[in-house]
Each structure stands twice: as structure tokens, then as C-alpha cells.
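Dropping entry_4.txt in here (compact mmCIF, C-alpha atoms and all ligand atoms):
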```txt
# COMPACT_ATOMS: atom_id res chain seq x y z
CA MET A 12 111.61 98.13 152.85
CA PRO A 13 109.66 99.39 149.83
CA LYS A 14 110.13 97.54 146.58
CA ILE A 15 111.69 99.53 143.74
CA LEU A 16 109.76 98.95 140.52
CA ASP A 17 112.61 98.72 138.04
CA GLY A 18 111.50 100.35 134.78
CA ALA A 19 114.76 99.44 133.04
CA ALA A 20 114.36 95.71 133.65
CA ILE A 21 110.68 95.71 132.69
CA ALA A 22 111.31 97.75 129.53
CA ALA A 23 114.15 95.38 128.56
CA ALA A 24 111.87 92.35 129.01
CA ILE A 25 109.16 93.93 126.83
CA LYS A 26 111.69 94.88 124.16
CA GLN A 27 113.02 91.35 124.11
CA GLU A 28 109.51 89.97 123.59
CA VAL A 29 108.84 92.51 120.84
CA GLY A 30 112.15 91.59 119.18
CA GLU A 31 111.07 87.92 119.18
CA GLU A 32 107.77 88.89 117.54
CA VAL A 33 109.63 90.92 114.91
CA ARG A 34 111.79 87.89 114.11
CA ALA A 35 108.71 85.67 113.83
CA LEU A 36 107.07 88.19 111.47
CA ALA A 37 110.27 88.33 109.39
CA GLY A 38 109.80 84.60 108.81
CA GLU A 39 106.50 85.48 107.16
CA GLY A 40 108.10 88.24 105.07
CA ILE A 41 106.70 91.06 107.23
CA ARG A 42 108.82 93.91 108.61
CA PRO A 43 106.93 96.33 110.87
CA GLY A 44 107.69 99.96 110.04
CA LEU A 45 107.49 103.19 112.03
CA ALA A 46 107.52 106.71 110.60
CA ALA A 47 108.80 109.27 113.10
CA VAL A 48 107.98 112.87 112.24
CA LEU A 49 110.20 115.42 113.99
CA VAL A 50 109.45 119.04 113.19
CA GLY A 51 112.12 121.72 113.68
CA HIS A 52 114.82 121.59 116.35
CA VAL A 53 113.34 121.15 119.84
CA ALA A 54 116.22 119.68 121.87
CA ALA A 55 114.09 117.38 124.06
CA SER A 56 112.09 116.15 121.05
CA GLU A 57 115.30 115.38 119.15
CA ILE A 58 116.52 113.25 122.06
CA TYR A 59 113.20 111.38 122.35
CA VAL A 60 112.93 110.70 118.62
CA ARG A 61 116.55 109.57 118.39
CA SER A 62 115.88 107.04 121.19
CA LYS A 63 112.77 105.81 119.38
CA VAL A 64 114.60 105.35 116.07
CA GLN A 65 117.45 103.61 117.89
CA ALA A 66 115.00 101.23 119.61
CA CYS A 67 113.54 100.35 116.18
CA ALA A 68 117.04 99.50 114.90
CA GLU A 69 117.74 97.32 117.96
CA LEU A 70 114.55 95.34 117.48
CA GLY A 71 114.64 95.00 113.68
CA ILE A 72 111.74 97.42 113.08
CA TYR A 73 112.08 99.55 109.95
CA SER A 74 112.04 103.27 110.72
CA ASP A 75 111.80 106.36 108.58
CA LEU A 76 112.75 109.64 110.24
CA ILE A 77 111.08 112.60 108.55
CA THR A 78 112.20 116.08 109.59
CA PRO A 79 110.09 118.95 108.24
CA ALA A 80 111.36 122.48 108.90
CA ALA A 81 109.99 124.48 111.87
CA THR A 82 108.20 126.71 109.33
CA VAL A 83 106.05 123.83 107.99
CA THR A 84 102.33 124.59 107.54
CA THR A 85 99.33 122.56 108.66
CA GLU A 86 98.51 121.81 105.00
CA GLU A 87 102.02 120.49 104.32
CA MET A 88 101.86 118.34 107.45
CA LEU A 89 98.43 117.00 106.45
CA ASP A 90 99.84 116.06 103.03
CA LEU A 91 102.74 114.29 104.72
CA VAL A 92 100.45 112.34 107.05
CA GLY A 93 98.20 111.45 104.10
CA ALA A 94 101.23 110.03 102.26
CA LEU A 95 102.31 108.03 105.33
CA ASN A 96 98.78 106.68 105.77
CA ALA A 97 98.99 105.36 102.20
CA ARG A 98 102.43 103.74 102.50
CA ASP A 99 102.36 99.97 102.90
CA ASP A 100 105.82 99.83 104.52
CA ILE A 101 104.63 102.05 107.38
CA ASP A 102 102.55 100.49 110.18
CA GLY A 103 102.92 103.22 112.77
CA ILE A 104 103.02 107.01 112.54
CA LEU A 105 104.54 108.98 115.35
CA ILE A 106 104.30 112.76 115.34
CA GLN A 107 106.59 114.09 118.03
CA LEU A 108 104.91 116.81 120.10
CA PRO A 109 104.96 119.72 120.69
CA LEU A 110 104.53 121.10 117.18
CA PRO A 111 105.21 124.73 116.25
CA ALA A 112 102.34 127.10 117.08
CA GLN A 113 101.27 127.57 113.43
CA VAL A 114 100.49 123.85 113.05
CA ASP A 115 97.02 122.67 114.08
CA THR A 116 98.07 119.74 116.28
CA LYS A 117 94.57 118.33 116.79
CA ALA A 118 93.77 118.37 113.05
CA LEU A 119 97.00 116.54 112.42
CA LEU A 120 96.53 113.87 115.07
CA ASP A 121 92.99 113.33 113.76
CA ALA A 122 94.40 112.84 110.24
CA VAL A 123 96.56 109.85 111.25
CA ALA A 124 94.87 106.62 110.17
CA PRO A 125 93.59 105.06 113.43
CA GLU A 126 95.15 101.70 112.53
CA LYS A 127 98.58 103.43 112.32
CA ASP A 128 98.07 105.59 115.42
CA VAL A 129 100.77 103.96 117.58
CA ASP A 130 100.62 106.83 120.09
CA GLY A 131 96.95 106.03 120.72
CA PHE A 132 95.93 109.70 120.50
CA HIS A 133 93.29 109.44 117.74
CA PRO A 134 89.68 109.88 118.95
CA VAL A 135 88.80 106.51 117.39
CA ASN A 136 91.40 104.78 119.55
CA ALA A 137 90.34 106.83 122.60
CA GLY A 138 86.76 105.69 121.98
CA ARG A 139 87.79 102.08 121.46
CA LEU A 140 89.75 102.21 124.73
CA LEU A 141 86.77 103.74 126.55
CA SER A 142 84.41 101.08 125.29
CA GLY A 143 86.77 98.20 126.03
CA ARG A 144 87.40 97.24 122.39
CA PRO A 145 90.86 96.27 121.12
CA ALA A 146 92.73 99.55 120.67
CA LEU A 147 96.19 101.00 120.32
CA ALA A 148 96.46 102.45 123.84
CA PRO A 149 98.71 105.44 124.63
CA CYS A 150 102.22 104.22 125.38
CA THR A 151 102.94 105.73 128.82
CA PRO A 152 99.61 104.62 130.38
CA ALA A 153 100.03 101.15 128.85
CA GLY A 154 103.51 101.10 130.39
CA VAL A 155 102.06 101.83 133.83
CA ILE A 156 99.87 98.73 133.58
CA GLU A 157 102.84 96.63 132.44
CA ILE A 158 104.85 97.78 135.46
CA LEU A 159 102.06 96.81 137.86
CA LYS A 160 101.35 93.45 136.23
CA ARG A 161 104.93 92.39 135.74
CA SER A 162 105.72 93.38 139.35
CA HIS A 163 102.79 91.22 140.52
CA ILE A 164 101.04 94.12 142.16
CA PRO A 165 97.34 93.30 142.38
CA ILE A 166 95.06 95.76 140.57
CA ALA A 167 91.61 94.17 140.73
CA GLY A 168 89.60 95.49 143.67
CA GLN A 169 92.31 97.96 144.66
CA HIS A 170 91.58 101.65 145.04
CA ALA A 171 93.62 103.41 142.35
CA VAL A 172 93.82 107.18 142.63
CA VAL A 173 95.06 108.99 139.51
CA VAL A 174 96.12 112.60 139.97
CA GLY A 175 95.94 114.28 136.55
CA ARG A 176 93.33 114.03 133.81
CA SER A 177 95.21 114.77 130.59
CA ASP A 178 94.18 112.98 127.39
CA ILE A 179 97.73 111.66 127.08
CA VAL A 180 98.24 110.21 130.56
CA GLY A 181 95.63 110.73 133.29
CA LYS A 182 92.44 109.73 131.47
CA PRO A 183 93.82 106.70 129.60
CA VAL A 184 95.67 105.37 132.67
CA ALA A 185 92.44 105.67 134.68
CA LEU A 186 90.54 103.74 131.99
CA LEU A 187 93.17 101.02 131.77
CA LEU A 188 93.09 100.62 135.56
CA LEU A 189 89.30 100.44 135.44
CA HIS A 190 89.49 97.72 132.76
CA GLU A 191 91.78 95.85 135.17
CA ASN A 192 88.97 96.10 137.75
CA ALA A 193 90.49 98.69 140.05
CA THR A 194 88.15 101.13 141.77
CA VAL A 195 89.36 104.35 140.22
CA THR A 196 89.26 107.94 141.44
CA ILE A 197 90.50 110.69 139.12
CA CYS A 198 91.75 113.92 140.73
CA HIS A 199 92.72 117.24 139.13
CA SER A 200 93.42 120.85 139.94
CA LYS A 201 89.85 121.50 141.13
CA THR A 202 89.72 118.48 143.45
CA ARG A 203 88.89 119.48 147.04
CA ASP A 204 91.07 118.12 149.86
CA LEU A 205 93.31 116.17 147.51
CA GLY A 206 95.37 114.65 150.35
CA ALA A 207 92.29 113.05 151.91
CA ILE A 208 91.70 111.22 148.62
CA THR A 209 95.30 110.28 147.80
CA ARG A 210 95.65 108.85 151.32
CA GLN A 211 92.96 106.30 150.40
CA ALA A 212 94.96 105.01 147.45
CA ASP A 213 96.29 101.46 147.30
CA ILE A 214 97.82 102.50 143.96
CA LEU A 215 98.62 106.19 143.55
CA VAL A 216 99.42 107.41 140.04
CA ALA A 217 100.84 110.93 139.78
CA ALA A 218 100.68 112.60 136.34
CA ILE A 219 100.67 116.26 137.25
CA GLY A 220 103.81 117.93 135.93
CA ARG A 221 104.79 119.56 139.25
CA PRO A 222 108.03 118.63 141.00
CA GLY A 223 107.50 116.53 144.13
CA PHE A 224 103.87 117.62 144.40
CA ILE A 225 102.75 114.47 146.25
CA THR A 226 104.25 114.78 149.74
CA PRO A 227 104.71 111.98 152.30
CA GLY A 228 101.62 113.18 154.18
CA MET A 229 99.49 112.48 151.09
CA VAL A 230 100.49 108.81 150.92
CA ARG A 231 98.94 105.84 152.73
CA PRO A 232 101.69 103.68 154.29
CA GLY A 233 102.26 100.63 152.10
CA ALA A 234 100.70 102.13 148.97
CA THR A 235 102.17 101.55 145.51
CA LEU A 236 103.44 104.81 144.03
CA ILE A 237 103.54 105.21 140.24
CA ASP A 238 105.25 108.43 139.27
CA VAL A 239 104.70 109.55 135.67
CA GLY A 240 106.10 113.04 136.24
CA ILE A 241 109.32 114.23 134.64
CA ASN A 242 110.38 117.63 135.97
CA ARG A 243 113.79 119.15 135.36
CA LEU A 244 115.40 120.92 138.32
CA THR A 245 117.97 123.53 137.42
CA THR A 246 118.44 125.72 140.49
CA ARG A 247 120.34 124.91 143.67
CA GLU A 248 117.28 125.81 145.72
CA GLU A 249 115.07 123.33 143.83
CA PHE A 250 117.79 120.69 144.02
CA ASP A 251 118.21 121.06 147.77
CA ARG A 252 114.45 120.84 148.33
CA PHE A 253 114.52 117.19 147.21
CA PHE A 254 118.09 115.95 147.13
CA ALA A 255 120.16 117.78 149.75
CA GLY A 256 122.82 115.35 151.00
CA ASP A 257 122.32 112.86 148.11
CA ALA A 258 125.88 112.42 146.83
CA LYS A 259 124.93 110.54 143.65
CA ARG A 260 122.44 113.20 142.60
CA GLU A 261 124.86 115.90 143.58
CA ALA A 262 127.39 114.47 141.12
CA THR A 263 124.81 114.44 138.27
CA PHE A 264 123.72 117.96 139.10
CA ALA A 265 127.30 119.22 139.16
CA LYS A 266 128.05 117.54 135.81
CA ARG A 267 124.89 118.44 133.90
CA GLY A 268 123.60 121.50 135.72
CA SER A 269 120.24 119.81 136.18
CA THR A 270 118.55 116.67 137.43
CA ILE A 271 115.02 115.32 137.19
CA VAL A 272 112.41 114.64 139.83
CA GLY A 273 108.95 113.17 139.47
CA ASP A 274 105.60 114.44 140.70
CA ILE A 275 106.09 112.49 143.93
CA ASP A 276 108.47 113.82 146.56
CA PRO A 277 111.19 111.13 146.95
CA LYS A 278 110.76 111.49 150.74
CA ALA A 279 107.44 109.61 150.28
CA TYR A 280 109.19 106.48 148.95
CA GLY A 281 110.12 105.35 152.45
CA ILE A 282 106.53 104.82 153.56
CA SER A 283 105.35 103.18 150.33
CA GLY A 284 105.08 99.47 149.67
CA ALA A 285 106.56 99.91 146.19
CA TYR A 286 107.49 102.81 143.95
CA THR A 287 108.74 103.73 140.51
CA PRO A 288 111.92 105.82 140.76
CA VAL A 289 112.53 108.92 138.64
CA PRO A 290 114.55 108.46 136.52
CA GLY A 291 114.45 104.70 135.96
CA GLY A 292 110.72 104.07 136.28
CA VAL A 293 107.73 104.81 134.07
CA GLY A 294 109.70 106.95 131.60
CA LEU A 295 111.59 103.93 130.27
CA LEU A 296 108.39 102.08 129.43
CA THR A 297 107.13 104.62 126.91
CA ILE A 298 109.52 103.64 124.11
CA ALA A 299 109.13 99.92 124.85
CA MET A 300 105.34 100.29 124.52
CA LEU A 301 105.74 102.29 121.31
CA MET A 302 107.67 99.37 119.86
CA ALA A 303 105.00 96.95 121.10
CA ASN A 304 102.26 99.12 119.55
CA THR A 305 104.10 99.26 116.21
CA VAL A 306 104.30 95.48 116.02
CA ARG A 307 100.68 95.22 117.15
CA ALA A 308 99.62 97.68 114.45
CA ALA A 309 101.57 95.70 111.84
CA LYS A 310 99.75 92.52 112.86
CA MET A 311 96.31 94.10 113.21
CA ARG A 312 96.57 95.75 109.77
CA ARG A 313 97.20 92.32 108.25
CA GLY A 314 94.49 90.61 110.27
CA LEU A 315 97.06 88.57 112.24
N1 LIG B 1 107.26 109.21 128.97
C1 LIG B 1 106.80 109.64 130.10
O1 LIG B 1 107.19 109.13 131.11
C2 LIG B 1 105.82 110.76 130.14
C3 LIG B 1 104.88 110.89 129.14
C4 LIG B 1 103.95 111.93 129.23
C5 LIG B 1 104.01 112.79 130.31
N2 LIG B 1 104.97 112.66 131.25
C6 LIG B 1 105.05 113.56 132.41
O2 LIG B 1 103.89 113.38 133.20
C7 LIG B 1 103.49 114.61 133.79
C8 LIG B 1 102.06 114.91 133.39
O3 LIG B 1 101.97 115.03 131.99
P1 LIG B 1 100.61 115.45 131.25
O4 LIG B 1 100.91 115.54 129.82
O5 LIG B 1 99.51 114.56 131.71
O6 LIG B 1 100.41 116.94 131.87
P2 LIG B 1 99.22 117.99 131.70
O7 LIG B 1 98.54 117.81 130.38
O8 LIG B 1 99.79 119.31 132.05
O9 LIG B 1 98.18 117.57 132.84
C9 LIG B 1 98.46 117.77 134.18
C10 LIG B 1 97.28 117.35 135.02
O10 LIG B 1 97.62 117.59 136.38
C11 LIG B 1 96.55 118.28 137.00
N3 LIG B 1 97.03 119.20 138.02
C12 LIG B 1 97.80 120.31 137.85
N4 LIG B 1 97.97 120.95 139.04
C13 LIG B 1 97.29 120.23 139.95
C14 LIG B 1 97.08 120.39 141.34
N5 LIG B 1 97.59 121.42 142.01
N6 LIG B 1 96.33 119.47 141.97
C15 LIG B 1 95.80 118.42 141.31
N7 LIG B 1 95.96 118.22 139.98
C16 LIG B 1 96.70 119.12 139.31
C17 LIG B 1 95.87 119.07 135.90
O11 LIG B 1 94.54 119.34 136.31
P3 LIG B 1 93.50 120.17 135.39
O12 LIG B 1 93.06 119.22 134.32
O13 LIG B 1 92.41 120.53 136.33
O14 LIG B 1 94.26 121.34 134.86
C18 LIG B 1 96.01 118.11 134.71
O15 LIG B 1 94.91 117.23 134.63
C19 LIG B 1 104.51 115.63 133.30
O16 LIG B 1 105.53 115.75 134.27
C20 LIG B 1 105.07 115.02 132.04
O17 LIG B 1 106.39 115.45 131.77
C21 LIG B 1 105.86 111.64 131.20
```

Go ahead and render the structure in this file as C-alpha cells.
Amino acid sequence: MPKILDGAAIAAAIKQEVGEEVRALAGEGIRPGLAAVLVGHVAASEIYVRSKVQACAELGIYSDLITPAATVTTEEMLDLVGALNARDDIDGILIQLPLPAQVDTKALLDAVAPEKDVDGFHPVNAGRLLSGRPALAPCTPAGVIEILKRSHIPIAGQHAVVVGRSDIVGKPVALLLLHENATVTICHSKTRDLGAITRQADILVAAIGRPGFITPGMVRPGATLIDVGINRLTTREEFDRFFAGDAKREATFAKRGSTIVGDIDPKAYGISGAYTPVPGGVGLLTIAMLMANTVRAAKMRRGL
């Protein structure tokens, strides 16, 4: 039977450790602080940011939710980021993406002080990660490594195949796996005979953004499957493609009118050695790692 890699339990353990660190810092008169910038009213972004602010409250991290209007300009956002960079009560700055089209997202992410870049998106942190220096690593990729390590899945010497090469997930997860001494192959939309490569994977990381893209035939029996994908299914046809006959999913679908599936077809789970479910896997680690990065930033900024 494949092992289910329980994102909820791992995220809870990380949050507990972070909470202990926050309490220890409080003893020294330090309260880590996170500024969360949420522009406009994107429903998914509002849900994500609310969860992040709530996690701060649970762990004793100070949070400041800033909500500029959807009409905000790049200049106004740059001023805001400049002010947050200068604030001593703020250790981490989170700018929830996507931003409205009129805002220059790259210019804004580049304006965040690297030592407060808890999302790990600043080129300085990307460079530090590449060159193996201490860095604030992007939260979701860092969460993938936590899942593997805390589940005692060996990484060193294993062939890790990462499908996807985004700056946010694919590239940093590949680098982190490399730093853990995996042999890493990165695949993307121009990769020839993708299945022949994914079938060589001891650890297969899917960060593609396409529902159930990795089929059972693309998986080596016994491989560890790490599914970063979050894809919402809204039609009956899509639902039936993955979950026909699944009573639990059927109930969710009936209640909410949608359900989510990862980038790995759930039919592949059965031949794996271990897998992260969707939901309940990698997704839950992102906020836990954001909290960990905020505390890390607070300590690093003070030379602790
Ligand atoms: N908290 C979380 O759990 C979390 C966080 C971030 C993202 N996600 C999810 O992770 C998934 C990926 O996110 P992302 O931001 O990395 O997406 P992205 O920026 O759209 O990148 C997708 C990657 O997949 C590759 N790809 C697309 N079609 C392919 C194909 N047919 N064959 C092989 N590779 C293909 C693309 O290749 P090219 O580069 O050649 O175009 C690209 O590198 C999404 O489902 C997203 O929702 C989850």
C-alpha cells in the first residue's frame, strides 16, 4: 500500500515549532511581524491572505493587513513597499499575487528588501539559493523538502524529476532537491518524450497547472509522488474523468459545485510508494513555511 504523505500533520508540526520559536523570541522582547498586502478583491487571494493572517494570530506573529484598491498604481505600491521596508515592526512583506494588470509586478517584487522577502521571490534570494548561501527560500518548494524529510523519504542519490520550471515552484524546488544531493532532471512543455523521463523518477514532483496531467503510465512503480498542482474542476465531465464513483468527492462536488485535483491523476497513487494527496498535501505547507520564513527573517535581521 502506498504511504499517504499527510500535509496537515506535517504543517501542524512545523507551526508548533514556529510557535515555540515565537515564544522564545518574546522572552527577548522580539515579536516577528508580517505585512500582508492584498490588492483589490480577488476571491482566491482574499481566502489565501485571510488564512495567512489567521496563522500569524495562532502563532503569536504580529500581522498588518494592507488592502490597496484595485486601481492602485505602480508608484503608489512602490511607496507602500518602501514604507514597509523601513518599518522596524515588520520582518516579512508578502504581496499577494496576482496584481492588477496596471501594476508592474516584477518592479514591485524587486523593491521588497531582500531580508524581508519572506516569499523568496527577490532575485537576491533566488541568487543566494542558487549559490547555496543562506536564503529565504520560496515557501511551497521549501514545503516540498519538509514533506520528504519529515516523512523519512531519502533524497540523496535519488533521481528527482521535476515537471515545471516556474520561478515560483519548479526552479526553486529543483535547486533545493539538488542541494539535498538528488540527481535532478527538470522537464517543461518542450521536453521530448516526457513519460520516458518521468518513469525514471524515484521522486516525481509535478508543478504544471494541468489537471491530472501525470497519468499512471508515466509513473515508475514505487516512486514518491509530490503533487504541487491545484486545479479546480467545475464541470461534471471533468469531475467524472477523475472521481467517478468516489462518494466523498461526489458529496463535496454536490455541495460546492467544484472540487480540486492536482497535476497527478489520482489513479497513479495506487502504483506509487508514497504520495501527497490533493487537497491535504503540499498546499498546506505553504502557509506553515511562510510563518517559518517570517520568524527566520526576524532572527536574521537581528543577527540571531
Ligand atoms: N500553495 C501551493 O500549493 C501552490 C503554490 C504555487 C503553485 N501551485 C500550483 O502548482 C501548479 C504550478 O504552478 P506554477 O506557478 O509553477 O505554474 P506555471 O508558472 O504556469 O508553470 C507551469 C510549468 O509547467 C510546464 N508545463 C506546462 N504544460 C506542460 C506540458 N504539457 N508538459 C510539460 N510541462 C508543462 C510549463 O512549461 P514551460 O515553462 O515550457 O511553459 C511551466 O514550466 C499550479 O497548479 C498552481 O496552482 C500551488

Might you pull out every residue within 10 Å of Pro290 of chain A, with only C-alpha atoms counted and same-chain residues fewer than 5 positions away left off, and present them as a count of residues only? 11

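Near segment 209-223 of chain A, within 7 Å and counting only C-alpha atoms, sit Gln169, His170, Ala171, Val172, Val173, Val174, Gly175, Val180, Gly181, Met229, Val230, Arg231, Ala234, Thr235, Leu236, Ile237, Asp238, Val239, Gly240, Ile241, Asn242, Val272, Gly273, Asp274, Ile275 and Asp276 of chain A; same-chain residues fewer than 6 positions away were not included.
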
What would the file look like if the residues just selected were written as a PDB file, in the frame of the given file with C-alpha atoms?
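New file again20.pdb:
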```pdb
ATOM      1  CA  GLN A 169      92.310  97.960 144.660  1.00  0.00           C
ATOM      2  CA  HIS A 170      91.580 101.650 145.040  1.00  0.00           C
ATOM      3  CA  ALA A 171      93.620 103.410 142.350  1.00  0.00           C
ATOM      4  CA  VAL A 172      93.820 107.180 142.630  1.00  0.00           C
ATOM      5  CA  VAL A 173      95.060 108.990 139.510  1.00  0.00           C
ATOM      6  CA  VAL A 174      96.120 112.600 139.970  1.00  0.00           C
ATOM      7  CA  GLY A 175      95.940 114.280 136.550  1.00  0.00           C
ATOM      8  CA  VAL A 180      98.240 110.210 130.560  1.00  0.00           C
ATOM      9  CA  GLY A 181      95.630 110.730 133.290  1.00  0.00           C
ATOM     10  CA  MET A 229      99.490 112.480 151.090  1.00  0.00           C
ATOM     11  CA  VAL A 230     100.490 108.810 150.920  1.00  0.00           C
ATOM     12  CA  ARG A 231      98.940 105.840 152.730  1.00  0.00           C
ATOM     13  CA  ALA A 234     100.700 102.130 148.970  1.00  0.00           C
ATOM     14  CA  THR A 235     102.170 101.550 145.510  1.00  0.00           C
ATOM     15  CA  LEU A 236     103.440 104.810 144.030  1.00  0.00           C
ATOM     16  CA  ILE A 237     103.540 105.210 140.240  1.00  0.00           C
ATOM     17  CA  ASP A 238     105.250 108.430 139.270  1.00  0.00           C
ATOM     18  CA  VAL A 239     104.700 109.550 135.670  1.00  0.00           C
ATOM     19  CA  GLY A 240     106.100 113.040 136.240  1.00  0.00           C
ATOM     20  CA  ILE A 241     109.320 114.230 134.640  1.00  0.00           C
ATOM     21  CA  ASN A 242     110.380 117.630 135.970  1.00  0.00           C
ATOM     22  CA  VAL A 272     112.410 114.640 139.830  1.00  0.00           C
ATOM     23  CA  GLY A 273     108.950 113.170 139.470  1.00  0.00           C
ATOM     24  CA  ASP A 274     105.600 114.440 140.700  1.00  0.00           C
ATOM     25  CA  ILE A 275     106.090 112.490 143.930  1.00  0.00           C
ATOM     26  CA  ASP A 276     108.470 113.820 146.560  1.00  0.00           C
TER      27      ASP A 276
END
```

Within 7 Å of Leu16 of chain A using all atoms listed in the file, minus same-chain residues under 5 positions, as a ChimeraX atom specification: /A:162,285-287,292

Atom pair atom P2 of ligand LIG 1 (chain B) / atom CA of Arg176 of chain A: separation (Å): 7.4 Å

Distance query Arg34 of chain A at most 12 Å, all atoms listed in the file, self and fewer than 6 positions along chain excluded, as a PyMOL selection string: chain A and resi 27-28+40-43+69-72+306

Surrounding residues of segment 48-54 of chain A excluding itself and chain neighbours under 4 positions, 8 Å, all atoms listed in the file, as a list in words: Ile58, Val60, Leu76, Ile77, Thr78, Pro79, Ala80, Ala81, Thr82, Val83, Ile104, Leu105, Ile106, Gln107, Leu110 and Pro111 of chain A

At a cut-off of 12 Å from (109.3, 91.2, 118.7) in the coordinates of the file, what residues are picked up using all atoms listed in the file, written as a PDB file with C-alpha atoms, in the frame of the given file?
```
ATOM      1  CA  ALA A  23     114.150  95.380 128.560  1.00  0.00           C
ATOM      2  CA  ALA A  24     111.870  92.350 129.010  1.00  0.00           C
ATOM      3  CA  ILE A  25     109.160  93.930 126.830  1.00  0.00           C
ATOM      4  CA  LYS A  26     111.690  94.880 124.160  1.00  0.00           C
ATOM      5  CA  GLN A  27     113.020  91.350 124.110  1.00  0.00           C
ATOM      6  CA  GLU A  28     109.510  89.970 123.590  1.00  0.00           C
ATOM      7  CA  VAL A  29     108.840  92.510 120.840  1.00  0.00           C
ATOM      8  CA  GLY A  30     112.150  91.590 119.180  1.00  0.00           C
ATOM      9  CA  GLU A  31     111.070  87.920 119.180  1.00  0.00           C
ATOM     10  CA  GLU A  32     107.770  88.890 117.540  1.00  0.00           C
ATOM     11  CA  VAL A  33     109.630  90.920 114.910  1.00  0.00           C
ATOM     12  CA  ARG A  34     111.790  87.890 114.110  1.00  0.00           C
ATOM     13  CA  ALA A  35     108.710  85.670 113.830  1.00  0.00           C
ATOM     14  CA  LEU A  36     107.070  88.190 111.470  1.00  0.00           C
ATOM     15  CA  ALA A  37     110.270  88.330 109.390  1.00  0.00           C
ATOM     16  CA  GLY A  38     109.800  84.600 108.810  1.00  0.00           C
ATOM     17  CA  ILE A  41     106.700  91.060 107.230  1.00  0.00           C
ATOM     18  CA  ARG A  42     108.820  93.910 108.610  1.00  0.00           C
ATOM     19  CA  PRO A  43     106.930  96.330 110.870  1.00  0.00           C
ATOM     20  CA  ALA A  66     115.000 101.230 119.610  1.00  0.00           C
ATOM     21  CA  CYS A  67     113.540 100.350 116.180  1.00  0.00           C
ATOM     22  CA  ALA A  68     117.040  99.500 114.900  1.00  0.00           C
ATOM     23  CA  GLU A  69     117.740  97.320 117.960  1.00  0.00           C
ATOM     24  CA  LEU A  70     114.550  95.340 117.480  1.00  0.00           C
ATOM     25  CA  GLY A  71     114.640  95.000 113.680  1.00  0.00           C
ATOM     26  CA  ILE A  72     111.740  97.420 113.080  1.00  0.00           C
ATOM     27  CA  ALA A 299     109.130  99.920 124.850  1.00  0.00           C
ATOM     28  CA  MET A 300     105.340 100.290 124.520  1.00  0.00           C
ATOM     29  CA  LEU A 301     105.740 102.290 121.310  1.00  0.00           C
ATOM     30  CA  MET A 302     107.670  99.370 119.860  1.00  0.00           C
ATOM     31  CA  ALA A 303     105.000  96.950 121.100  1.00  0.00           C
ATOM     32  CA  ASN A 304     102.260  99.120 119.550  1.00  0.00           C
ATOM     33  CA  THR A 305     104.100  99.260 116.210  1.00  0.00           C
ATOM     34  CA  VAL A 306     104.300  95.480 116.020  1.00  0.00           C
ATOM     35  CA  ARG A 307     100.680  95.220 117.150  1.00  0.00           C
ATOM     36  CA  ALA A 309     101.570  95.700 111.840  1.00  0.00           C
ATOM     37  CA  LYS A 310      99.750  92.520 112.860  1.00  0.00           C
TER      38      LYS A 310
END
```

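Residues lying at most 10 Å from (93.2, 111.9, 105.4) in file coordinates, with only C-alpha atoms considered, are Leu89, Asp90, Leu91, Val92, Gly93, Ala94, Leu95, Asn96, Ala97, Leu119, Asp121, Ala122, Val123 and Ala124 of chain A.
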
Write the residues you've just listed into a file as a PDB file, in the coordinates of the input, and include C-alpha atoms for each of them.
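The file below, result_9.pdb, is the result:
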```pdb
ATOM      1  CA  LEU A  89      98.430 117.000 106.450  1.00  0.00           C
ATOM      2  CA  ASP A  90      99.840 116.060 103.030  1.00  0.00           C
ATOM      3  CA  LEU A  91     102.740 114.290 104.720  1.00  0.00           C
ATOM      4  CA  VAL A  92     100.450 112.340 107.050  1.00  0.00           C
ATOM      5  CA  GLY A  93      98.200 111.450 104.100  1.00  0.00           C
ATOM      6  CA  ALA A  94     101.230 110.030 102.260  1.00  0.00           C
ATOM      7  CA  LEU A  95     102.310 108.030 105.330  1.00  0.00           C
ATOM      8  CA  ASN A  96      98.780 106.680 105.770  1.00  0.00           C
ATOM      9  CA  ALA A  97      98.990 105.360 102.200  1.00  0.00           C
ATOM     10  CA  LEU A 119      97.000 116.540 112.420  1.00  0.00           C
ATOM     11  CA  ASP A 121      92.990 113.330 113.760  1.00  0.00           C
ATOM     12  CA  ALA A 122      94.400 112.840 110.240  1.00  0.00           C
ATOM     13  CA  VAL A 123      96.560 109.850 111.250  1.00  0.00           C
ATOM     14  CA  ALA A 124      94.870 106.620 110.170  1.00  0.00           C
TER      15      ALA A 124
END
```

Between A:Pro288, A:Pro125, A:Pro227, A:Pro277, single out the one closest to Lys14 of chain A, counting all atoms listed in the file.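 Closest to Lys14 of chain A, using all atoms listed in the file: A:Pro288.
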